[in-house]
Structures are given as structure tokens and as C-alpha cells.
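> Below you'll find the structure I mean.
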Amino acid sequence: MSKGFYQCFIYISSSLILWGCGSSVNVEVSPTPKPPELIQEKPVNGLGGYFYSNGENAFGPFTQRMVQKCQGLNGGSVCNTQQWPEALFLKAYGQERCPDGSRFNQILGYCVEGNEALGPFPKELIPTCDNANDSSTCVSTRQNARLLYKMMQDKKLITPVGRPPQFVLLAFDGSRSLDAWKKSRNFTQSMSKKNIKAHFTYFISGVYFVNNEKRNLYTPPGGKGRGRSAIGWGGTPAEINLRLEQLNKAYQEGHEIGSHAVGHFDGSRWSEADWTREFDYFNQFIFNAYKINNLKGSLVFDVSEIQGFRAPELGQSPGLYKTLKKRGFRYDTSRVAAANYWPKLENGVWNFPLASVTTAMTRKNVLSMDYNFYYLHSKAKPNSSNAKRYEEDMFQTYLKYFQSNYLGNRAPVHIGHHFSDWNQGAYWKALFRFAEAVCGQPEVRCVTYSVLADFMDLQTPEQIAIYQKGGFPKPNQETMN
């Protein structure tokens, strides 16, 4: 028998790892093939991230940000390959669940970079996988996110299959009141004990994280004057410390933190430069809050978690949307649309508007926000004698809004409130009653705005058009009960 030898090889592309063995010529008797190199899944950290490895080298997934960090770590030419030493890979990966430069899509359940989902993936989610022959094509680190989402629906690994869920968005503007922070957080905790999931989006104002003595740090756009604010300031450093504690707890409990700018001024006439300065101040006041107020501690999230915006007084301008896009914001909630409006991507930013609705008892047009009810009911002045009626009007209006969409085209339901106890808390009571009534319903998801953005990112314009027309099977009325 002539002697021969076997060579094992690994082929790696940006989306596929293949391995196998081949022999030289002049082999008369084929010996037992040498097994392929062992590829393992290994955890990155305790947050759920994992990667492929042969015991020495990591095969990804890699992101563009990781490549940049690799170069900064003197990785040299290795950074442009698809096989990095494990230690280098782990340093470049970052400290979060997803690789640096990507984010976790809560609908899909995978990290995404651009329009690609990052694996590794199970064999049933790889179209070319040949389970029968244990083909090397069963290993993949990247797939188109929309195609992966469709495949997961087809395989019933993710819902919905026939129709979209009914998203309900419950959000607060403001952030000053410690009692409101605690009350809102306690409500969702009590819902959780009933196995009902609900999370809020908090659009916070930058001035509430600057103590009164440091107010001259802020010079608002529009010539308002140095140290001016339309809503006051944060109080003492001790008060701000308690507020930061609530902010951290809310984030850790799954709520979302968004931006409500700084001084609560109407920016409808602001230029792009004005908005840029306002966002610079916001980042400074929020992410340097401990330093500004001479406090010990730190936020448990960074600026990348500020994904959405709501303009004070809903004051928008063309300069706002240019700034949002350049700053990498994913969505804006500063506009108004019909109650059955399905979101659209406008200039690279999702439009998640408040709804124009008709009140149940007074039959008046109003926005789906508590201040607008307060103004409609009592001209924005306290009227405690009618508080019960105001509460019932809001509750029934919200419920009608929800039912129309739930049994119609499933457009997201948008509810906006403030950290204010108007008309003896009538509107908070109505909001909590509404959440208790709908958040546990079948196919209903009371989620943050970033989760809605995760869902929308997976839809094609054609699919969104189908949703807008209600082109899917409808639930029966009985499912509401």
C-alpha cells in the first residue's frame, strides 16, 4: 500500500465556517477519515453572548466596531481575517450581551448589526444545513435579519405567524418626581406578580439632573438666556442622587430611558445647530450627572441606550430630524397621526406618533396624552369635583382606541403621560386601569418603544403596507374576554 497523508482544512467566510479533510494522491486503500477539527460554542460572558472556537482561535461573529478595536489593540493583519486568537476576540467583544457595534433585537432574540443577525444559529435556522450528513454548512455566523425572522415564523419558533401582535406603548415625560418614579415602577412590579408583563418608556429632561446652583452650565437655544429652564431644575445634589437611583432601578427592571431634551422649550423654530447643542447638553447633564453634582456612583447604562426622543410641547422642526439621524436615534415620538397609523421609516428614523382620538364621553378630539385630556376637561386647571368623571372618560377612550386597533389593523397604541398628578390623579388611575385591562390580553405586548423599533426593523415596506390595510386574519371578539 502506498503511503498517503491527510490534510484538514477550515474555510471561513463572513457568514460561514466550513471544515473537512482531503487526501493526497496515490492512495490505494482509503483509511478511516480523520475527523474534522472540533468547533465549539463558547460563552463570552454571563449575559448570553457566545462564539465559535477551535480551542485557540475564535471564528466570530465579528463586527466593524470589533475590527476597529482589534486594530487599536495592535492586532495587526489578524484584524482583517476571520480567525482571531480567543484573548483578542474577547477584548474586542466588549462587556455587553452583544458584540460591540451591534445590539440585541428583542423580537428576533439575536444580536444584529445593520440588517444582519449575528449567530451562531441552531441547525434548524440555517437554510443550507444538511442534518443527514452532518454537513459543515450547518455552521453560520450571519444571516439576513428579515429572512431569519420569516424563517422563525414559518417554523413557529416565534410569534406572530398570521398577524402582528398588538403593541401598546406606555410612556412618561418628565422625570422629576421621586414619588412618580416609585409609583410607576411599583405598578409594573405588581403586574409582574400577576404574570402580566408591562414596561414603560421614560423620556427624561436634562435639567432635572443638574442642581440649582449649577444651572448656569446651560445656555438654551433660541436666545432664552443662560441658566433658563421652562420647568425648573433638579434641586439639591441629594435630591438628584435619589433621582439617579430611580433612573438606574428603572433601567435595570427593563424600562427604557429616552430623551425629552433639556429645558423643555418649544423647538419648532430651532435650526439643526440649535438641536445639536441641545442634545450635547442632554448628554452632558445625564452622563456626567454624578460629576456635575459631586456625587459618588455611575449610571448602569451609557449613551447608546438613548434610542428615542420626544420633543417638548411636540415642537419639531426640519433641523430636529437631521440631528436625530446624525445622532443615530432609532425613533421619534413627536408627531401626531390617525389612531390606525402603522409606523414608517422617515429619513432613517421610525415615526412613532401620538394618536388623534375621540373621547368616549365628551365626543371631543384629543391627543392620546394626559395633558391634552387635562386641558380638554378643565382648561388645565384643577377641578377635583369632576375627577371621577375625567378618569372614566380617559379610561373608556383609551379602551375604545385599543379595541378598534386590536380588532382592526393592529396599529400600535401610543399613550403618553407626565409625572404630574392632575385632577387628583384621575389620569394616572385611568392609565393603570387601562394597562390592567389590556396588557394581559392574548397577542398584546405592552412594551418599550425600542422593542417596537426592533419589530419594525424586521418588516419590509411591503409588509407594513399589508398591516396598514389589515391584510391578515382577524381575531374573534371573544378573544377580548
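Lettering and numbering for the C-alpha cells are positional, with chains as A, B, ... in the shown order, residues counted from 1 in each chain, and ligands counted from 1 in the shown order.
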Could you pull out the residues in range 38-180 of chain A that DSSP calls alpha helix (DSSP H) from the backbone, as a ChimeraX atom specification?
/A:64-72,86-93,145-154,178-180
> Just the residues within 12 Å of Asp179 in chain A, please, counting only C-alpha atoms, with nothing from its chain fewer than 3 positions along; format it as a PyMOL selection string.
chain A and resi 175-176+182-186+242-243+246+419-421
> Please provide the set of residues having any atom within 12 Å of Ile240 in chain A, restricted to only C-alpha atoms, with same-chain residues fewer than 4 positions apart removed, written as a PyMOL selection string.
chain A and resi 175-178+206-212+233-236+244-247+285-286+289-297
> So what do you get for CA of Pro122 in chain A versus CA of Gln40 in chain A, distance-wise?
12.9 Å
> Write out as a tab-separated table (two decimals) with C-alpha atoms, in the first residue's frame which residues come within 10 Å of Asn80 in chain A when counting only C-alpha atoms, dropping same-chain ones fewer than 3 positions away.

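Final output, around.tsv:
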chain	number	residue	atom	x	y	z
A	67	VAL	CA	-12.37	45.24	13.89
A	68	GLN	CA	-11.60	48.84	14.84
A	70	CYS	CA	-8.76	44.96	17.24
A	71	GLN	CA	-6.59	47.40	15.37
A	75	GLY	CA	-3.94	43.00	16.36
A	76	GLY	CA	-2.30	43.89	13.06
A	77	SER	CA	-3.21	41.90	9.99
A	83	GLN	CA	-9.90	33.90	12.76
A	84	TRP	CA	-8.68	35.74	15.87
> Could you list, as a PyMOL selection string, every residue within 10 Å of Tyr374 in chain A, counting only C-alpha atoms and ignoring same-chain residues fewer than 5 positions away?
chain A and resi 369+379-383+390+394+422-423+426-427
> Just write the chosen residues, all heavy atoms, as a short mmCIF file (atom, residue, chain, number, x, y, z; two decimals), in the first residue's frame.

data_model
loop_
_atom_site.label_atom_id
_atom_site.label_comp_id
_atom_site.auth_asym_id
_atom_site.auth_seq_id
_atom_site.Cartn_x
_atom_site.Cartn_y
_atom_site.Cartn_z
N MET A 369 -52.69 61.74 25.17
CA MET A 369 -51.74 62.19 26.18
C MET A 369 -52.51 62.88 27.30
O MET A 369 -53.48 63.60 27.05
CB MET A 369 -50.71 63.14 25.57
CG MET A 369 -49.73 63.72 26.56
SD MET A 369 -48.40 64.68 25.77
CE MET A 369 -47.21 63.36 25.47
N LYS A 379 -59.59 72.93 31.25
CA LYS A 379 -58.75 74.05 30.79
C LYS A 379 -57.41 74.09 31.51
O LYS A 379 -56.85 75.16 31.78
CB LYS A 379 -59.48 75.38 30.98
CG LYS A 379 -60.80 75.49 30.23
CD LYS A 379 -60.61 75.34 28.72
CE LYS A 379 -61.94 75.46 27.97
NZ LYS A 379 -61.77 75.27 26.51
N ALA A 380 -56.89 72.90 31.84
CA ALA A 380 -55.59 72.75 32.51
C ALA A 380 -55.58 73.42 33.89
O ALA A 380 -54.53 73.90 34.35
CB ALA A 380 -54.45 73.27 31.64
N LYS A 381 -56.75 73.44 34.54
CA LYS A 381 -56.86 73.95 35.91
C LYS A 381 -57.54 72.88 36.76
O LYS A 381 -58.44 72.19 36.30
CB LYS A 381 -57.66 75.25 35.93
CG LYS A 381 -57.00 76.40 35.19
CD LYS A 381 -57.84 77.66 35.26
CE LYS A 381 -57.16 78.80 34.51
NZ LYS A 381 -57.96 80.06 34.55
N PRO A 382 -57.11 72.75 38.03
CA PRO A 382 -57.68 71.69 38.88
C PRO A 382 -59.20 71.82 39.03
O PRO A 382 -59.74 72.91 39.19
CB PRO A 382 -56.98 71.93 40.23
CG PRO A 382 -55.73 72.67 39.90
CD PRO A 382 -56.07 73.53 38.73
N ASN A 383 -59.86 70.66 38.97
CA ASN A 383 -61.31 70.59 39.19
C ASN A 383 -61.60 69.23 39.82
O ASN A 383 -62.01 68.29 39.15
CB ASN A 383 -62.08 70.77 37.88
CG ASN A 383 -63.58 70.81 38.09
OD1 ASN A 383 -64.08 70.60 39.19
ND2 ASN A 383 -64.33 71.09 37.03
N TYR A 390 -63.59 62.49 34.86
CA TYR A 390 -62.45 62.64 33.99
C TYR A 390 -61.70 61.31 33.85
O TYR A 390 -61.26 60.95 32.75
CB TYR A 390 -61.50 63.71 34.54
CG TYR A 390 -62.10 65.09 34.63
CD1 TYR A 390 -61.62 66.00 35.58
CD2 TYR A 390 -63.14 65.50 33.80
CE1 TYR A 390 -62.15 67.28 35.69
CE2 TYR A 390 -63.68 66.78 33.90
CZ TYR A 390 -63.18 67.66 34.85
OH TYR A 390 -63.71 68.93 34.95
N MET A 394 -61.21 59.17 30.25
CA MET A 394 -59.93 58.75 29.70
C MET A 394 -59.86 57.23 29.57
O MET A 394 -59.43 56.70 28.53
CB MET A 394 -58.77 59.23 30.57
CG MET A 394 -57.41 58.67 30.13
SD MET A 394 -56.02 59.23 31.11
CE MET A 394 -55.65 60.78 30.30
N TRP A 422 -52.44 65.50 37.93
CA TRP A 422 -53.52 66.42 37.60
C TRP A 422 -54.89 65.87 37.99
O TRP A 422 -55.14 64.66 37.87
CB TRP A 422 -53.50 66.73 36.11
CG TRP A 422 -52.29 67.53 35.68
CD1 TRP A 422 -51.79 68.63 36.30
CD2 TRP A 422 -51.45 67.28 34.56
NE1 TRP A 422 -50.68 69.10 35.63
CE2 TRP A 422 -50.45 68.29 34.54
CE3 TRP A 422 -51.43 66.32 33.55
CZ2 TRP A 422 -49.45 68.36 33.58
CZ3 TRP A 422 -50.44 66.38 32.59
CH2 TRP A 422 -49.46 67.40 32.60
N ASN A 423 -55.76 66.76 38.42
CA ASN A 423 -57.13 66.40 38.81
C ASN A 423 -57.18 65.19 39.73
O ASN A 423 -57.83 64.18 39.45
CB ASN A 423 -58.00 66.20 37.56
CG ASN A 423 -58.47 67.52 36.98
OD1 ASN A 423 -58.64 68.50 37.70
ND2 ASN A 423 -58.68 67.56 35.66
N ALA A 426 -56.50 61.60 38.49
CA ALA A 426 -57.51 60.93 37.65
C ALA A 426 -56.86 60.23 36.47
O ALA A 426 -57.25 59.11 36.09
CB ALA A 426 -58.54 61.95 37.16
N TYR A 427 -55.84 60.85 35.88
CA TYR A 427 -55.27 60.32 34.65
C TYR A 427 -54.30 59.17 34.90
O TYR A 427 -54.21 58.24 34.09
CB TYR A 427 -54.64 61.47 33.86
CG TYR A 427 -55.62 62.61 33.66
CD1 TYR A 427 -55.36 63.88 34.16
CD2 TYR A 427 -56.83 62.38 33.02
CE1 TYR A 427 -56.28 64.91 34.01
CE2 TYR A 427 -57.76 63.40 32.86
CZ TYR A 427 -57.49 64.66 33.36
OH TYR A 427 -58.42 65.66 33.21
#
> Quick one, how far is CA of Gly348 in chain A from CA of Lys325 in chain A?
6.2 Å
